[in-house]
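Data block for structure-v2.cif (mmCIF, C-alpha atoms):
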data_start
#
loop_
_atom_site.label_atom_id
_atom_site.label_comp_id
_atom_site.auth_asym_id
_atom_site.auth_seq_id
_atom_site.Cartn_x
_atom_site.Cartn_y
_atom_site.Cartn_z
CA MET L 1 49.46 46.65 71.67
CA LYS L 2 49.63 49.69 73.96
CA VAL L 3 53.34 50.09 73.23
CA LEU L 4 52.71 49.92 69.48
CA LYS L 5 49.95 52.49 69.74
CA ALA L 6 52.19 54.80 71.79
CA LEU L 7 54.97 54.50 69.21
CA ALA L 8 52.51 55.36 66.43
CA TYR L 9 51.38 58.48 68.30
CA MET L 10 54.99 59.50 68.94
CA LEU L 11 55.84 59.05 65.28
CA ALA L 12 52.83 61.11 64.17
CA ALA L 13 53.74 63.83 66.66
CA SER L 14 57.34 63.83 65.43
CA ILE L 15 56.19 64.18 61.83
CA GLY L 16 53.92 67.06 62.81
CA VAL L 17 56.73 68.85 64.61
CA GLY L 18 59.01 68.24 61.64
CA LEU L 19 56.47 69.74 59.23
CA VAL L 20 56.07 72.83 61.40
CA TRP L 21 59.83 73.28 61.61
CA LEU L 22 60.15 72.79 57.86
CA SER L 23 57.48 75.42 57.19
CA VAL L 24 59.22 77.93 59.44
CA TRP L 25 62.57 77.19 57.87
CA LEU L 26 61.17 77.57 54.37
CA TYR L 27 59.56 80.85 55.34
CA MET L 28 62.85 82.15 56.72
CA ASN L 29 64.81 80.97 53.63
CA ARG L 30 62.61 82.16 50.77
CA VAL L 31 65.16 81.36 48.10
CA PHE L 32 64.45 77.65 48.66
CA ALA L 33 60.73 78.23 48.85
CA ASP L 34 60.75 79.88 45.44
CA PRO L 35 62.54 77.68 42.89
CA THR L 36 61.94 80.31 40.17
CA ALA L 37 64.47 82.55 41.92
CA LEU L 38 67.18 79.98 41.20
CA PRO L 39 68.94 79.27 37.93
CA PRO L 40 66.97 76.85 35.68
CA LYS L 41 69.25 73.92 36.41
CA ASP L 42 69.14 74.45 40.16
CA GLY L 43 65.40 75.17 40.02
CA LEU L 44 64.66 71.75 38.51
CA ALA L 45 66.83 70.08 41.12
CA ALA L 46 65.01 72.00 43.87
CA GLN L 47 61.61 71.02 42.46
CA ALA L 48 62.67 67.37 42.31
CA ALA L 49 63.93 67.54 45.90
CA TRP L 50 60.63 69.11 46.99
CA ALA L 51 58.61 66.43 45.21
CA GLN L 52 60.71 63.70 46.80
CA ALA L 53 60.36 65.25 50.26
CA ILE L 54 56.59 65.61 49.95
CA LEU L 55 56.20 62.07 48.64
CA SER L 56 58.38 60.80 51.50
CA VAL L 57 56.14 62.53 54.03
CA PHE L 58 53.03 61.03 52.45
CA ALA L 59 54.71 57.62 52.38
CA VAL L 60 55.51 57.86 56.10
CA LEU L 61 51.96 58.94 56.90
CA ALA L 62 50.57 56.10 54.79
CA ALA L 63 52.86 53.61 56.56
CA VAL L 64 51.70 54.89 59.95
CA TRP L 65 48.06 54.60 58.89
CA VAL L 66 48.56 51.05 57.58
CA ALA L 67 50.46 50.01 60.71
CA ARG L 68 47.74 51.45 62.92
CA GLY L 69 45.06 49.60 60.95
CA GLN L 70 46.99 46.35 61.19
CA ALA L 71 47.49 46.87 64.92
CA LYS L 72 43.75 47.38 65.42
CA GLN L 73 42.96 44.32 63.33
CA SER L 74 45.45 42.21 65.26
CA GLN L 75 44.06 43.47 68.56
CA LYS L 76 40.53 42.60 67.46
CA LEU L 77 41.60 39.11 66.40
CA ILE L 78 43.30 38.53 69.74
CA SER L 79 40.28 39.86 71.66
CA ASP L 80 37.91 37.64 69.66
CA GLU L 81 40.09 34.59 70.28
CA LEU L 82 40.32 35.33 74.00
CA ALA L 83 36.56 35.78 74.18
CA ARG L 84 36.04 32.47 72.36
CA VAL L 85 38.43 30.65 74.69
CA ARG L 86 36.84 32.25 77.75
CA GLU L 87 33.36 31.29 76.57
CA LYS L 88 34.47 27.72 75.97
CA GLU L 89 36.08 27.53 79.42
CA GLU L 90 32.94 28.92 81.08
CA GLN L 91 30.78 26.39 79.25
CA GLU L 92 33.04 23.51 80.27
CA SER L 93 33.09 24.78 83.85
CA ALA L 94 29.28 24.95 83.90
CA GLU L 95 29.10 21.38 82.62
CA ARG L 96 31.51 20.17 85.33
CA GLN L 97 29.51 21.96 88.01
CA SER L 98 26.27 20.44 86.74
CA LEU L 99 27.85 16.99 86.73
CA ALA L 100 29.09 17.39 90.30
CA CYS L 101 25.72 18.67 91.54
CA THR L 102 23.96 15.73 89.91
CA ALA L 103 26.36 13.28 91.56
CA LEU L 104 25.82 14.88 94.99
CA LYS L 105 22.05 15.32 94.63
CA SER L 106 21.27 12.63 97.22
CA LEU L 107 23.21 14.62 99.82
CA PHE L 108 21.91 18.06 98.91
CA ASP L 109 18.32 16.79 98.94
CA LYS L 110 18.69 15.50 102.51
CA LEU L 111 20.72 18.29 104.12
CA PRO L 112 17.73 20.67 104.63
CA ARG L 113 15.84 17.87 106.36
CA VAL L 114 18.88 17.08 108.53
CA VAL L 115 19.13 20.71 109.65
CA SER L 116 15.39 20.83 110.32
CA LEU L 117 15.54 17.72 112.54
CA LEU L 118 18.49 19.08 114.52
CA CYS L 119 16.68 22.33 115.20
CA GLN L 120 13.90 20.42 117.00
CA ASP L 121 14.05 19.84 120.76
CA GLU L 122 13.37 16.10 120.52
CA TYR L 123 16.55 14.08 120.82
CA GLU L 124 14.95 11.18 118.95
CA LYS L 125 14.90 13.43 115.90
CA TRP L 126 18.64 13.95 116.15
CA HIS L 127 19.21 10.25 115.62
CA ASP L 128 17.04 10.43 112.51
CA ALA L 129 19.16 13.36 111.33
CA LEU L 130 22.35 11.31 111.75
CA VAL L 131 20.94 8.38 109.80
CA LEU L 132 19.67 10.67 107.06
CA LEU L 133 22.99 12.53 106.76
CA ARG L 134 25.05 9.36 106.59
CA SER L 135 22.81 7.69 104.02
CA GLY L 136 22.94 10.78 101.80
CA SER L 137 26.71 11.14 102.09
CA ILE L 138 27.38 7.46 101.36
CA GLN L 139 25.31 7.54 98.18
CA ALA L 140 26.83 10.88 97.15
CA THR L 141 30.35 9.53 97.66
CA LYS L 142 29.65 6.54 95.42
CA ASN L 143 28.19 8.74 92.71
CA PHE L 144 31.01 11.27 92.93
CA GLN L 145 33.66 8.60 92.53
CA ARG L 146 32.14 7.73 89.15
CA VAL L 147 32.44 11.30 87.79
CA ALA L 148 35.68 12.29 89.56
CA PRO L 149 37.93 11.23 86.62
CA VAL L 150 36.14 13.75 84.39
CA LEU L 151 36.26 16.53 86.98
CA ASN L 152 39.97 15.91 87.61
CA SER L 153 40.86 16.77 84.01
CA THR L 154 42.22 20.22 84.95
CA PRO L 155 44.65 21.25 87.73
CA SER L 156 41.98 23.46 89.28
CA GLY L 157 39.42 20.68 88.97
CA ALA L 158 41.75 18.22 90.69
CA LEU L 159 42.28 20.64 93.59
CA HIS L 160 38.59 21.29 94.15
CA CYS L 161 37.73 17.61 93.72
CA PHE L 162 40.11 16.90 96.57
CA HIS L 163 38.28 19.40 98.80
CA ILE L 164 34.91 17.99 97.75
CA GLU L 165 36.02 14.47 98.69
CA GLN L 166 37.24 15.79 102.05
CA SER L 167 33.82 17.35 102.68
CA LEU L 168 32.09 14.08 101.78
CA GLN L 169 34.32 12.22 104.22
CA ARG L 170 33.30 14.61 107.00
CA PHE L 171 29.63 14.07 106.24
CA ASP L 172 30.16 10.32 106.08
CA ASN L 173 31.94 10.41 109.45
CA ALA L 174 29.12 12.51 110.86
CA MET L 175 29.16 11.00 114.34
CA ALA L 176 32.74 12.05 115.07
CA GLU L 177 32.64 15.27 113.05
CA TYR L 178 29.28 16.72 114.14
CA PHE L 179 27.14 14.60 116.48
CA GLN L 180 29.65 13.81 119.22
CA PRO L 181 28.38 16.61 121.53
CA LEU L 182 24.85 15.19 121.29
CA VAL L 183 25.51 11.63 122.50
CA GLU L 184 26.36 9.83 125.71
CA ARG L 185 27.16 6.25 126.63
CA ASP L 186 24.64 3.99 128.28
CA ALA L 187 25.30 1.32 130.89
CA LEU L 188 26.53 -1.08 128.22
CA GLY L 189 28.92 1.49 126.78
CA ASP L 190 26.89 2.03 123.64
CA VAL L 191 26.62 5.51 122.19
CA VAL L 192 23.08 6.89 122.44
CA PHE L 193 21.41 10.26 122.20
CA GLY L 194 20.68 11.42 125.73
CA LYS L 195 17.73 13.34 127.06
CA ILE L 196 19.97 15.68 129.03
CA THR L 197 21.62 17.06 125.93
CA ASP L 198 21.16 20.82 125.59
CA PRO L 199 18.97 21.57 122.50
CA GLY L 200 21.15 24.63 121.81
CA VAL L 201 24.09 22.32 121.10
CA ALA L 202 22.07 20.56 118.42
CA LYS L 203 21.43 23.88 116.73
CA GLU L 204 25.17 24.58 116.77
CA VAL L 205 25.72 21.21 115.09
CA ALA L 206 23.16 22.18 112.46
CA ALA L 207 25.00 25.47 111.88
CA ARG L 208 28.30 23.60 111.39
CA ILE L 209 26.69 21.30 108.85
CA GLN L 210 25.30 24.30 106.98
CA ARG L 211 28.74 25.96 106.91
CA ASP L 212 30.30 22.81 105.50
CA GLU L 213 27.51 22.61 102.94
CA GLY L 214 28.34 26.18 101.88
CA ALA L 215 32.04 25.29 101.58
CA LEU L 216 31.13 22.26 99.49
CA LEU L 217 29.00 24.37 97.15
CA ASN L 218 31.84 26.89 96.87
CA HIS L 219 34.27 24.21 95.69
CA ILE L 220 31.70 22.93 93.19
CA GLY L 221 31.24 26.45 91.88
CA ARG L 222 34.98 26.71 91.15
CA LEU L 223 35.32 23.49 89.17
#

As structure tokens, how would this structure be written, given the file I've shared?
Amino acid sequence: MKVLKALAYMLAASIGVGLVWLSVWLYMNRVFADPTALPPKDGLAAQAAWAQAILSVFAVLAAVWVARGQAKQSQKLISDELARVREKEEQESAERQSLACTALKSLFDKLPRVVSLLCQDEYEKWHDALVLLRSGSIQATKNFQRVAPVLNSTPSGALHCFHIEQSLQRFDNAMAEYFQPLVERDALGDVVFGKITDPGVAKEVAARIQRDEGALLNHIGRL
């Protein structure tokens, strides 16, 4: 559209320059500007030529005006169609995001409580945080698998669904992914939360969980 508009401006400028040149030329050659100074036969021919030239100029100007109007109309139609398509895509994206958030609600509801338990200095609370995180992630994974076929309907949706499933796997495998620094093995070799664990480490685990939660929300927001 920009090229068409530039061509229209160039054509109008060329016509303007041509009219100026024609006026100067007519002024310098008065015999053609005054058909009455010619013989009757030549005068009629000159008048006809003048009429044809003037009508040609008006025809060119009218064509430029019509082309410019059509270009504006076409541009408006294209803009309206793009806006309609964009609005539809945004609505569909919002629906996919809402569907994903609903499927993962069990996890998002429990994550604040998990972080709160980890920020406490009682190691017994950390075990509760692990149980809570795993239960939320397991339920969220089951729910997400039901809606994944709908969310995978676009290439972008398929990509972000993959990242969402990876995040859910990390939450589900919370012991290895997050809680490993908080545990020790007892005399029987079982993994238990130890009293000697530094509370600051638990807060670092909570910060990692929050970062992964933010990454998960980012992928949902781009569905």

Which is closer to Thr102 of chain L than all the others in L:Leu217, L:Val57, L:Ala140, L:Val64, using all atoms listed in the file?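 Going through L:Leu217, L:Val57, L:Ala140, L:Val64 one by one, the smallest distance to Thr102 of chain L is for L:Ala140.
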
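Computed from the coordinates, the atom CA of Phe179 of chain L to atom CA of Gly221 of chain L distance equals 27.6 Å.
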
Hey, which of L:Ala206, L:Ala215, L:Ala53, L:Ala83 ends up closest to Leu111 of chain L? Count all atoms listed in the file.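 Nearest to Leu111 of chain L: L:Ala206.
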
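Here the question is which of L:Gln169, L:Pro149, L:Ile54, L:Tyr123 gets nearest to Glu184 of chain L using all atoms listed in the file, and that residue is L:Tyr123.
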
For Ser167 of chain L, list every protein, DNA or RNA residue within 10 Å, evaluated using all atoms listed in the file, and leave out those in the same chain fewer than 6 positions away; present the list as a list in words.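 Contacts, with the query itself left out: Ser137, Thr141, Cys161, Asn173, Asp212, Glu213, Ala215, Leu216 and His219 of chain L.
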
Would you please work out which residue, of L:Ser153, L:Ser135, L:Ser116, L:Gln166, is nearest to Ala207 of chain L when using all atoms listed in the file?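 Result for the nearest residue to Ala207 of chain L: L:Ser116.
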
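Within the 9 Å cut-off around Glu122 of chain L, using all atoms listed in the file and omitting residues fewer than 4 positions from it on the same chain, the listed residues are L:Leu117, L:Leu118, L:Trp126, L:Lys195, L:Pro199.
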
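Shortest separation to Asp121 of chain L among L:Gly200, L:Gly136, L:Gly69, L:Gly157 occurs at residue L:Gly200, atoms counted being all atoms listed in the file.
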
What does the distance between atom CA of Gln180 of chain L and atom CA of Ile138 of chain L come to in Å, to one decimal place?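 Distance between the two atoms: 19.1 Å.
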
Would you please work out which residue, of L:Leu168, L:Ala174, L:Leu151, L:Val131, is nearest to Ala100 of chain L when using all atoms listed in the file?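 Answer, going by the shortest atom-to-atom distance: L:Leu151.
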